[in-house]
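Chemist: File input-v3.csv follows (CSV, C-alpha atoms):
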chain,number,residue,atom,x,y,z
A,1,MET,CA,32.6,5.7,17.8
A,2,PRO,CA,29.3,6.4,19.6
A,3,ARG,CA,26.4,4.3,18.7
A,4,VAL,CA,22.8,5.6,18.7
A,5,ILE,CA,20.0,3.3,19.3
A,6,VAL,CA,16.6,3.8,17.7
A,7,ASP,CA,13.8,1.6,19.1
A,8,VAL,CA,10.6,1.4,17.0
A,9,MET,CA,7.5,-0.1,18.5
A,10,PRO,CA,4.0,-0.6,17.2
A,11,LYS,CA,1.7,1.9,18.8
A,12,PRO,CA,-0.2,0.5,21.8
A,13,GLU,CA,-3.6,0.7,20.0
A,14,ILE,CA,-2.3,-1.1,16.9
A,15,LEU,CA,-2.7,-4.8,16.7
A,16,ASP,CA,0.7,-6.6,16.8
A,17,PRO,CA,0.2,-10.1,15.2
A,18,GLN,CA,3.9,-11.0,15.5
A,19,GLY,CA,3.9,-10.2,19.2
A,20,LYS,CA,0.7,-12.2,19.6
A,21,ALA,CA,2.3,-15.2,17.8
A,22,VAL,CA,5.4,-15.1,20.2
A,23,HIS,CA,3.1,-14.8,23.2
A,24,GLY,CA,1.0,-17.7,22.0
A,25,ALA,CA,4.1,-19.9,21.7
A,26,LEU,CA,5.3,-19.3,25.3
A,27,PRO,CA,2.8,-21.6,27.1
A,28,ARG,CA,3.7,-24.4,24.7
A,29,LEU,CA,7.3,-24.0,25.9
A,30,GLY,CA,6.2,-24.1,29.5
A,31,PHE,CA,6.5,-20.3,30.2
A,32,ASP,CA,3.2,-19.3,31.7
A,33,GLY,CA,4.0,-16.1,33.5
A,34,ILE,CA,4.1,-13.7,30.5
A,35,THR,CA,0.8,-11.7,30.1
A,36,ASP,CA,1.7,-9.9,26.8
A,37,VAL,CA,4.4,-9.6,24.2
A,38,ARG,CA,4.9,-6.7,21.8
A,39,GLN,CA,7.5,-7.0,19.0
A,40,GLY,CA,9.4,-4.0,17.6
A,41,LYS,CA,12.6,-3.2,15.8
A,42,ARG,CA,16.0,-1.9,17.1
A,43,PHE,CA,18.3,0.1,14.8
A,44,GLU,CA,22.0,0.7,15.7
A,45,LEU,CA,23.5,3.8,14.0
A,46,GLU,CA,27.2,4.4,14.2
A,47,VAL,CA,28.1,8.1,14.2
A,48,ALA,CA,31.2,10.2,14.5
A,49,THR,CA,29.8,12.3,17.4
A,50,ALA,CA,26.5,12.0,19.2
A,51,ASP,CA,26.0,15.7,19.6
A,52,ASP,CA,22.6,17.4,19.7
A,53,ALA,CA,22.6,18.2,16.0
A,54,THR,CA,23.3,14.5,15.2
A,55,LEU,CA,20.6,13.3,17.5
A,56,ALA,CA,18.2,15.7,15.9
A,57,GLU,CA,19.1,14.4,12.5
A,58,ILE,CA,18.6,10.8,13.7
A,59,ALA,CA,15.2,11.7,15.1
A,60,GLN,CA,14.3,13.0,11.6
A,61,ILE,CA,15.6,9.7,10.1
A,62,ALA,CA,13.6,7.7,12.6
A,63,GLU,CA,10.4,9.7,11.7
A,64,THR,CA,10.8,9.6,8.0
A,65,LEU,CA,12.3,6.2,7.3
A,66,LEU,CA,12.8,3.9,10.3
A,67,SER,CA,9.3,4.2,11.6
A,68,ASN,CA,5.9,4.9,10.1
A,69,PRO,CA,4.3,7.4,12.5
A,70,VAL,CA,0.8,6.1,11.5
A,71,ILE,CA,1.4,2.8,13.2
A,72,GLU,CA,4.7,3.1,15.2
A,73,ASP,CA,6.4,5.1,17.9
A,74,PHE,CA,10.2,5.5,18.2
A,75,THR,CA,12.7,6.5,20.8
A,76,VAL,CA,16.3,7.7,20.2
A,77,ARG,CA,19.1,7.2,22.8
A,78,VAL,CA,22.9,7.1,22.8
A,79,ASP,CA,24.3,3.6,23.7
A,80,ALA,CA,26.1,3.8,27.0
B,1,MET,CA,-2.2,15.1,-24.9
B,2,THR,CA,-0.8,12.2,-26.9
B,3,THR,CA,-2.5,11.0,-30.0
B,4,GLY,CA,-3.9,7.5,-30.2
B,5,SER,CA,-4.8,5.4,-27.1
B,6,PRO,CA,-3.9,6.7,-23.7
B,7,ARG,CA,-0.5,5.5,-22.3
B,8,VAL,CA,-0.6,4.0,-18.9
B,9,GLY,CA,2.8,3.5,-17.1
B,10,VAL,CA,3.5,0.5,-14.8
B,11,VAL,CA,6.4,0.9,-12.4
B,12,THR,CA,8.8,-2.0,-11.9
B,13,PHE,CA,10.6,-1.9,-8.6
B,14,PRO,CA,13.2,-4.6,-7.5
B,15,GLY,CA,10.9,-7.3,-6.2
B,16,SER,CA,7.7,-6.3,-8.1
B,17,LEU,CA,5.8,-9.4,-9.2
B,18,ASP,CA,2.7,-8.2,-10.9
B,19,ASP,CA,4.0,-5.5,-13.2
B,20,VAL,CA,3.7,-7.7,-16.3
B,21,ASP,CA,0.1,-8.7,-15.4
B,22,ALA,CA,-0.7,-5.0,-14.8
B,23,ARG,CA,0.7,-4.1,-18.2
B,24,ARG,CA,-1.4,-6.9,-19.7
B,25,ALA,CA,-4.5,-5.6,-18.1
B,26,VAL,CA,-3.8,-2.1,-19.4
B,27,ARG,CA,-3.5,-3.5,-22.9
B,28,LEU,CA,-6.7,-5.6,-22.6
B,29,ALA,CA,-8.5,-2.5,-21.5
B,30,GLY,CA,-7.4,-0.8,-24.7
B,31,ALA,CA,-4.6,1.5,-23.5
B,32,GLU,CA,-0.9,1.4,-24.4
B,33,PRO,CA,1.1,0.0,-21.4
B,34,VAL,CA,4.5,1.7,-20.8
B,35,ALA,CA,7.1,0.0,-18.6
B,36,LEU,CA,8.6,2.5,-16.1
B,37,TRP,CA,11.7,1.8,-14.1
B,38,HIS,CA,12.1,2.6,-10.4
B,39,GLY,CA,15.5,4.1,-10.8
B,40,ASP,CA,14.5,6.7,-13.4
B,41,HIS,CA,13.3,10.2,-12.8
B,42,ASP,CA,11.1,9.9,-15.9
B,43,LEU,CA,7.4,9.2,-16.3
B,44,GLN,CA,7.8,9.2,-20.1
B,45,GLY,CA,4.8,11.4,-20.5
B,46,VAL,CA,2.3,8.7,-19.5
B,47,ASP,CA,-1.4,9.6,-18.8
B,48,ALA,CA,-1.7,7.4,-15.7
B,49,VAL,CA,0.5,5.3,-13.5
B,50,VAL,CA,0.0,1.8,-11.9
B,51,LEU,CA,2.1,0.8,-8.9
B,52,PRO,CA,1.9,-3.0,-9.1
B,53,GLY,CA,1.9,-5.8,-6.5
B,54,GLY,CA,4.8,-7.7,-5.3
B,55,PHE,CA,7.5,-7.3,-2.6
B,56,SER,CA,9.4,-4.2,-3.6
B,57,TYR,CA,12.9,-4.2,-1.9
B,58,GLY,CA,12.0,-7.5,-0.3
B,59,ASP,CA,9.5,-5.8,2.0
B,60,TYR,CA,12.6,-4.8,4.0
B,61,LEU,CA,11.9,-2.4,6.9
B,62,ARG,CA,8.2,-2.1,6.1
B,63,CYS,CA,6.2,-3.0,3.0
B,64,GLY,CA,6.6,0.0,0.6
B,65,ALA,CA,8.9,1.9,2.9
B,66,ILE,CA,12.0,1.8,0.7
B,67,ALA,CA,10.1,2.0,-2.6
B,68,ARG,CA,8.7,5.3,-1.4
B,69,PHE,CA,12.2,6.8,-1.8
B,70,ALA,CA,12.9,5.4,-5.2
B,71,PRO,CA,13.7,8.1,-7.8
B,72,ILE,CA,10.6,7.5,-9.8
B,73,MET,CA,8.4,8.1,-6.7
B,74,THR,CA,9.5,11.7,-6.6
B,75,GLU,CA,7.9,12.1,-10.0
B,76,VAL,CA,4.8,10.0,-9.2
B,77,VAL,CA,4.1,11.9,-6.0
B,78,ALA,CA,4.4,15.3,-7.8
B,79,ALA,CA,2.3,14.1,-10.7
B,80,ALA,CA,-0.3,12.6,-8.4
B,81,ASN,CA,-0.6,15.9,-6.5
B,82,GLY,CA,-1.1,17.5,-9.9
B,83,GLY,CA,-4.0,15.2,-10.7
B,84,LEU,CA,-2.4,12.3,-12.6
B,85,PRO,CA,-4.5,9.1,-12.1
B,86,VAL,CA,-2.4,6.7,-10.0
B,87,LEU,CA,-3.5,3.2,-9.0
B,88,GLY,CA,-1.7,1.2,-6.3
B,89,ILE,CA,-2.4,-2.5,-6.1
B,90,CYS,CA,-1.4,-4.5,-3.0
B,91,ASN,CA,2.3,-3.6,-2.6
B,92,GLY,CA,1.4,-0.5,-4.7
B,93,PHE,CA,-1.2,0.4,-2.1
B,94,GLN,CA,1.4,0.0,0.7
B,95,ILE,CA,3.7,2.3,-1.3
B,96,LEU,CA,1.0,4.9,-1.7
B,97,CYS,CA,0.3,4.9,2.1
B,98,GLU,CA,4.0,5.1,2.9
B,99,SER,CA,4.3,8.0,0.4
B,100,HIS,CA,1.4,9.8,2.2
B,101,LEU,CA,-0.5,10.0,-1.0
B,102,LEU,CA,-3.2,8.0,0.9
B,103,PRO,CA,-3.9,8.0,4.6
B,104,GLY,CA,-3.5,5.0,6.9
B,105,ALA,CA,-1.2,2.0,6.8
B,106,LEU,CA,-1.2,-1.8,6.1
B,107,ILE,CA,-0.1,-4.1,8.8
B,108,ARG,CA,0.3,-7.9,9.1
B,109,ASN,CA,-2.9,-9.9,8.7
B,110,ASP,CA,-4.6,-10.4,12.0
B,111,HIS,CA,-4.6,-14.2,11.6
B,112,ARG,CA,-0.9,-14.1,10.8
B,113,THR,CA,-1.0,-16.2,7.7
B,114,PHE,CA,-0.7,-15.3,4.1
B,115,VAL,CA,-4.2,-15.3,2.4
B,116,CYS,CA,-4.8,-16.2,-1.2
B,117,ARG,CA,-8.5,-16.4,-2.3
B,118,ASP,CA,-11.1,-15.1,-4.8
B,119,GLN,CA,-12.5,-12.2,-2.8
B,120,GLN,CA,-15.9,-10.4,-3.1
B,121,LEU,CA,-15.8,-6.6,-3.0
B,122,VAL,CA,-18.5,-4.0,-3.0
B,123,VAL,CA,-17.7,-1.0,-5.0
B,124,GLU,CA,-18.6,2.0,-2.8
B,125,ASN,CA,-17.3,4.8,-4.8
B,126,ALA,CA,-17.8,4.7,-8.6
B,127,ALA,CA,-16.7,8.3,-9.1
B,128,THR,CA,-12.9,7.9,-8.9
B,129,ALA,CA,-10.6,7.9,-11.9
B,130,TRP,CA,-10.3,4.1,-11.6
B,131,THR,CA,-13.8,3.0,-10.8
B,132,GLY,CA,-16.1,5.1,-13.1
B,133,ASP,CA,-17.1,2.1,-15.2
B,134,TYR,CA,-18.5,0.3,-12.2
B,135,ALA,CA,-21.9,0.9,-10.6
B,136,GLU,CA,-22.0,1.9,-7.0
B,137,GLY,CA,-23.1,-0.9,-4.7
B,138,HIS,CA,-22.1,-3.5,-7.3
B,139,THR,CA,-20.3,-6.6,-6.0
B,140,ILE,CA,-17.2,-7.9,-8.0
B,141,THR,CA,-14.9,-10.9,-7.4
B,142,VAL,CA,-11.1,-10.5,-7.8
B,143,PRO,CA,-8.1,-12.4,-6.4
B,144,LEU,CA,-6.6,-11.3,-3.1
B,145,LYS,CA,-3.2,-12.4,-1.9
B,146,ASN,CA,-1.3,-10.8,0.9
B,147,GLY,CA,0.4,-11.3,4.2
B,148,GLU,CA,0.3,-7.6,5.3
B,149,GLY,CA,-3.1,-6.4,4.1
B,150,GLY,CA,-4.7,-5.2,7.3
B,151,PHE,CA,-5.8,-1.6,6.7
B,152,VAL,CA,-5.5,0.6,9.8
B,153,ALA,CA,-5.9,4.2,10.6
B,154,ASP,CA,-7.0,6.2,13.6
B,155,THR,CA,-10.7,6.6,14.3
B,156,ASP,CA,-10.8,10.2,13.0
B,157,THR,CA,-9.2,9.2,9.7
B,158,LEU,CA,-11.6,6.3,9.3
B,159,ASP,CA,-14.6,8.5,10.0
B,160,ARG,CA,-13.3,11.1,7.5
B,161,LEU,CA,-12.7,8.4,4.9
B,162,GLU,CA,-16.3,7.1,5.4
B,163,GLY,CA,-17.8,10.6,5.6
B,164,GLU,CA,-16.1,11.9,2.4
B,165,GLY,CA,-16.9,8.8,0.4
B,166,GLN,CA,-13.2,7.9,0.1
B,167,VAL,CA,-13.8,4.2,0.8
B,168,VAL,CA,-13.6,2.8,-2.8
B,169,VAL,CA,-14.1,-0.9,-2.2
B,170,ARG,CA,-15.0,-2.9,0.9
B,171,TYR,CA,-14.6,-6.6,1.6
B,172,ALA,CA,-17.9,-8.5,1.3
B,173,GLY,CA,-18.7,-11.9,2.7
B,174,VAL,CA,-15.5,-12.2,4.8
B,175,ASN,CA,-12.9,-9.8,6.0
B,176,PRO,CA,-9.7,-11.6,4.9
B,177,ASN,CA,-7.1,-9.8,6.9
B,178,GLY,CA,-8.5,-7.8,9.8
B,179,SER,CA,-8.8,-4.5,7.9
B,180,LEU,CA,-10.6,-2.0,10.0
B,181,ARG,CA,-14.2,-1.4,8.9
B,182,ASP,CA,-13.7,-4.1,6.1
B,183,ILE,CA,-11.9,-1.4,4.0
B,184,ALA,CA,-10.2,-3.0,0.9
B,185,GLY,CA,-9.4,0.2,-1.0
B,186,ILE,CA,-9.5,4.0,-0.6
B,187,THR,CA,-9.0,7.1,-2.6
B,188,ASN,CA,-7.6,10.6,-2.0
B,189,GLU,CA,-9.9,13.6,-1.8
B,190,ARG,CA,-9.5,14.4,-5.4
B,191,GLY,CA,-10.3,10.8,-6.5
B,192,ASN,CA,-7.3,10.5,-8.8
B,193,VAL,CA,-5.2,8.3,-6.5
B,194,VAL,CA,-6.7,4.9,-5.6
B,195,GLY,CA,-5.1,2.1,-3.6
B,196,LEU,CA,-6.5,-1.4,-2.9
B,197,MET,CA,-5.1,-4.7,-1.6
B,198,PRO,CA,-7.0,-7.1,-3.9
B,199,HIS,CA,-5.7,-7.6,-7.5
B,200,PRO,CA,-8.0,-6.5,-10.2
B,201,GLU,CA,-5.3,-7.1,-12.8
B,202,HIS,CA,-5.6,-10.9,-12.1
B,203,ALA,CA,-9.3,-10.8,-13.1
B,204,VAL,CA,-9.2,-9.6,-16.6
B,205,GLU,CA,-9.5,-12.9,-18.6
B,206,GLU,CA,-11.8,-15.8,-18.2
B,207,LEU,CA,-9.0,-18.3,-18.7
B,208,THR,CA,-6.7,-17.2,-15.8
B,209,GLY,CA,-8.9,-15.6,-13.2
B,210,PRO,CA,-12.2,-15.9,-11.4
B,211,GLY,CA,-13.8,-13.7,-14.1
B,212,THR,CA,-13.2,-10.4,-15.8
B,213,GLU,CA,-14.6,-8.1,-13.1
B,214,GLY,CA,-11.3,-6.5,-12.4
B,215,LEU,CA,-11.0,-5.1,-15.9
B,216,GLY,CA,-13.2,-2.2,-15.0
B,217,PHE,CA,-10.4,-0.5,-13.0
B,218,PHE,CA,-8.3,-0.3,-16.2
B,219,THR,CA,-11.2,0.7,-18.6
B,220,SER,CA,-12.4,3.3,-16.0
B,221,VAL,CA,-9.1,5.2,-16.3
B,222,LEU,CA,-9.4,5.3,-20.1
B,223,THR,CA,-12.9,6.6,-19.8
B,224,SER,CA,-11.8,9.3,-17.4
B,225,LEU,CA,-8.8,10.3,-19.6
B,226,VAL,CA,-10.9,10.5,-22.7
B,227,ALA,CA,-13.5,12.6,-20.9
B,228,ARG,CA,-10.9,15.2,-20.0
Represent the structure of the file as structure tokens.
Modeler:
Amino acid sequence: MPRVIVDVMPKPEILDPQGKAVHGALPRLGFDGITDVRQGKRFELEVATADDATLAEIAQIAETLLSNPVIEDFTVRVDA
Amino acid sequence: MTTGSPRVGVVTFPGSLDDVDARRAVRLAGAEPVALWHGDHDLQGVDAVVLPGGFSYGDYLRCGAIARFAPIMTEVVAAANGGLPVLGICNGFQILCESHLLPGALIRNDHRTFVCRDQQLVVENAATAWTGDYAEGHTITVPLKNGEGGFVADTDTLDRLEGEGQVVVRYAGVNPNGSLRDIAGITNERGNVVGLMPHPEHAVEELTGPGTEGLGFFTSVLTSLVAR
């Protein structure tokens, strides 16, 4: 069964307090080389076939439910 | 139109917290509160609707994102587009934004902690269905409690909201959550749909709140319904 991955990320211009919190914790753990962290969501959708029609439908799902286009961007890809 | 006092529906979603307080505020304002259930396709002929605060569907996915697709929201969206007064408080505001009845979105507080305080607000638009009993420029104090109350929208939307007078209430004294331009609540172009993060329903009795300055939201809708 193919698996389709939808990644949802806060838009670059939108503040990401969770990413900031993670970033802020890194130096305390001794990791000093990371300059920024953004936190998003990953959805894994199991489908019968990952054809164009299915991917178009998943893009629609991503736009209407999985993401809020006001604050988030999404990408759809088939898991290799 | 119904006889007697106006009937104001309050929707209960799984995870709603402040539905009972909202019904209580409706009653104290002189209207008849009507409990509405998220799973029904029925507004029971109410004259106005309140979407209360809480954590509908556990805030899963995004605050308000699942509630938007509850059966009752089909009816609420259609009725709101037809002019029915709708007030969204806190989680209710988030649901209104997710439903596209109001522009923008609410994100996690910029300081990353839950905030609970008595908050000063300036009423900037006293011409909506829910704020007619206030005076423009008047400052009120009502409780505020949220973890994801930062109002955001793109610059064009913010400019339009300001230009069209759609900012209903603005934070005064301190911005508690990083909301852009200190926006605490907004309305749609028609003025029948209002959403705000602070909780006017918790400021309706001297005994249990910082005062009674939140009651005006609930008396205002009565005034606007009677004036019809």
Chemist: Please tabulate, as a Markdown table, the residues of chain A that come within 12 Å of chain B, each with its closest pair of atoms and the distance in Å to one decimal, counting all atoms listed in the file and ordering rows by chain, then residue number upward.
Modeler:
| residue | atom | partner | partner_atom | distance |
| --- | --- | --- | --- | --- |
| A:Val8 | CA | B:Leu61 | CA | 10.9 |
| A:Pro10 | CA | B:Ile107 | CA | 10.0 |
| A:Lys11 | CA | B:Asp154 | CA | 11.0 |
| A:Glu13 | CA | B:Asp154 | CA | 9.1 |
| A:Ile14 | CA | B:Val152 | CA | 8.0 |
| A:Leu15 | CA | B:Asp110 | CA | 7.6 |
| A:Asp16 | CA | B:Arg108 | CA | 7.8 |
| A:Pro17 | CA | B:Asp110 | CA | 5.8 |
| A:Gln18 | CA | B:Arg112 | CA | 7.4 |
| A:Gly19 | CA | B:Arg112 | CA | 10.4 |
| A:Lys20 | CA | B:Arg112 | CA | 9.1 |
| A:Ala21 | CA | B:Arg112 | CA | 7.8 |
| A:Val22 | CA | B:Arg112 | CA | 11.4 |
| A:Gly24 | CA | B:Arg112 | CA | 11.9 |
| A:Gly40 | CA | B:Leu61 | CA | 11.1 |
| A:Lys41 | CA | B:Leu61 | CA | 9.0 |
| A:Arg42 | CA | B:Leu61 | CA | 11.0 |
| A:Phe43 | CA | B:Leu61 | CA | 10.5 |
| A:Ala62 | CA | B:Leu61 | CA | 11.7 |
| A:Glu63 | CA | B:Glu98 | CA | 11.8 |
| A:Thr64 | CA | B:Ala65 | CA | 9.4 |
| A:Leu65 | CA | B:Ala65 | CA | 7.0 |
| A:Leu66 | CA | B:Leu61 | CA | 7.2 |
| A:Ser67 | CA | B:Arg62 | CA | 8.4 |
| A:Asn68 | CA | B:Glu98 | CA | 7.4 |
| A:Pro69 | CA | B:Ala105 | CA | 9.6 |
| A:Val70 | CA | B:Gly104 | CA | 6.4 |
| A:Ile71 | CA | B:Ala105 | CA | 7.0 |
| A:Glu72 | CA | B:Ala105 | CA | 10.3 |
Chemist: With only C-alpha atoms as the basis for distance, which of A:Ala56, A:Leu29, A:Ile34, A:Met9 is at the shortest distance from Val78 (chain A)?
Modeler: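 The answer is A:Ala56, which sits nearest to Val78 (chain A).
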Chemist: As an exercise, work out the distance from CA of Ala203 (chain B) to CA of Val77 (chain B) in Å and give it to one decimal place.
Modeler: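 Atom-to-atom, CA of Ala203 (chain B) and CA of Val77 (chain B) are spaced 27.3 Å apart.
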Chemist: Between B:His100, B:Arg160, B:His199, B:Arg23, which has the minimum distance to Gly54 (chain B) (counting only C-alpha atoms)?
Modeler: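 Of all the options, B:His199 lies closest to Gly54 (chain B).
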Chemist: When you draw a straight line from CA of Gly132 (chain B) to CA of Glu148 (chain B), how long is it in Å?
Modeler: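 Those two atoms sit 27.7 Å apart.
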Chemist: Just how far from CA of Pro176 (chain B) is CA of Thr212 (chain B), in Å to one decimal?
Modeler: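 Here the two named atoms are 21.0 Å from each other.
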Chemist: Nearest to Val174 (chain B): which of B:Pro33, B:Gln119, B:Gly58, B:Pro210 is it, counting all atoms listed in the file?
Modeler: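 Checking each candidate against Val174 (chain B), we get B:Gln119 as the closest.
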Chemist: Just the residues within 9 Å of Gly53 (chain B), please, counting all atoms listed in the file, with nothing from its chain fewer than 2 positions along; format it as a ChimeraX atom specification.
Modeler: /B:16-19,22,51,55-56,88-93,197,199
Chemist: A:Gln39, A:Val47, A:Asp7, A:Gln60: which is nearest His23 (chain A), counting only C-alpha atoms?
Modeler: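 Answer, going by the shortest atom-to-atom distance: A:Gln39.
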Chemist: With region 213-217 of chain B as the partner and 10 Å as the cut-off, tabulate the residues of region 75-187 of chain B that qualify, each row holding the nearest pair of atoms and their distance in Å to one decimal, using only C-alpha atoms, sorted by chain and rising number, as a Markdown table.
Modeler:
| residue | atom | partner | partner_atom | distance |
| --- | --- | --- | --- | --- |
| B:Leu87 | CA | B:Phe217 | CA | 8.8 |
| B:Thr128 | CA | B:Phe217 | CA | 9.7 |
| B:Ala129 | CA | B:Phe217 | CA | 8.5 |
| B:Trp130 | CA | B:Phe217 | CA | 4.8 |
| B:Thr131 | CA | B:Phe217 | CA | 5.4 |
| B:Gly132 | CA | B:Phe217 | CA | 8.0 |
| B:Asp133 | CA | B:Gly216 | CA | 5.8 |
| B:Tyr134 | CA | B:Gly216 | CA | 6.5 |
| B:Thr139 | CA | B:Glu213 | CA | 9.2 |
| B:Ile140 | CA | B:Glu213 | CA | 5.7 |
| B:Thr141 | CA | B:Glu213 | CA | 6.4 |
| B:Val142 | CA | B:Gly214 | CA | 6.1 |
| B:Pro143 | CA | B:Gly214 | CA | 9.0 |
Chemist: Near Ala227 (chain B), counting only C-alpha atoms, which residues have an atom at most 12 Å away, once you skip same-chain residues fewer than 2 positions from it, shown as a compact mmCIF listing (two decimals) with C-alpha atoms, in the frame of the given file?
Modeler:
# COMPACT_ATOMS: atom_id res chain seq x y z
CA PRO B 6 -3.90 6.70 -23.70
CA ALA B 129 -10.60 7.90 -11.90
CA GLY B 132 -16.10 5.10 -13.10
CA SER B 220 -12.40 3.30 -16.00
CA VAL B 221 -9.10 5.20 -16.30
CA LEU B 222 -9.40 5.30 -20.10
CA THR B 223 -12.90 6.60 -19.80
CA SER B 224 -11.80 9.30 -17.40
CA LEU B 225 -8.80 10.30 -19.60
Chemist: Which polymer residues have any atom within 10 Å of an atom of Ile58 (chain A), counting only C-alpha atoms, with same-chain residues fewer than 3 positions away left out, as an NGL selection string?
Modeler: :A and (4-6 or 45 or 47 or 50 or 52-55 or 61-64 or 66 or 76-77)
Chemist: Go through B:Gly191, B:Pro14, B:Gly149, B:Gly165 and flag the residue nearest Asn177 (chain B), using all atoms listed in the file for the distances.
Modeler: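 Nearest to Asn177 (chain B): B:Gly149.
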Chemist: Check the smallest atom-to-atom distance from each of B:Phe114, B:Lys145, B:Gln94, B:Ser99 to Asn81 (chain B) using all atoms listed in the file, then report the winner.
Modeler: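 For Asn81 (chain B), the nearest of the candidates is B:Ser99.
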Chemist: I'd like the neighbourhood of Ala48 (chain B) as a PyMOL selection string, where a residue qualifies if any of its atoms comes within 8 Å (using all atoms listed in the file), though same-chain residues fewer than 4 positions away should be ignored.
Modeler: chain B and resi 7-9+84-86+221
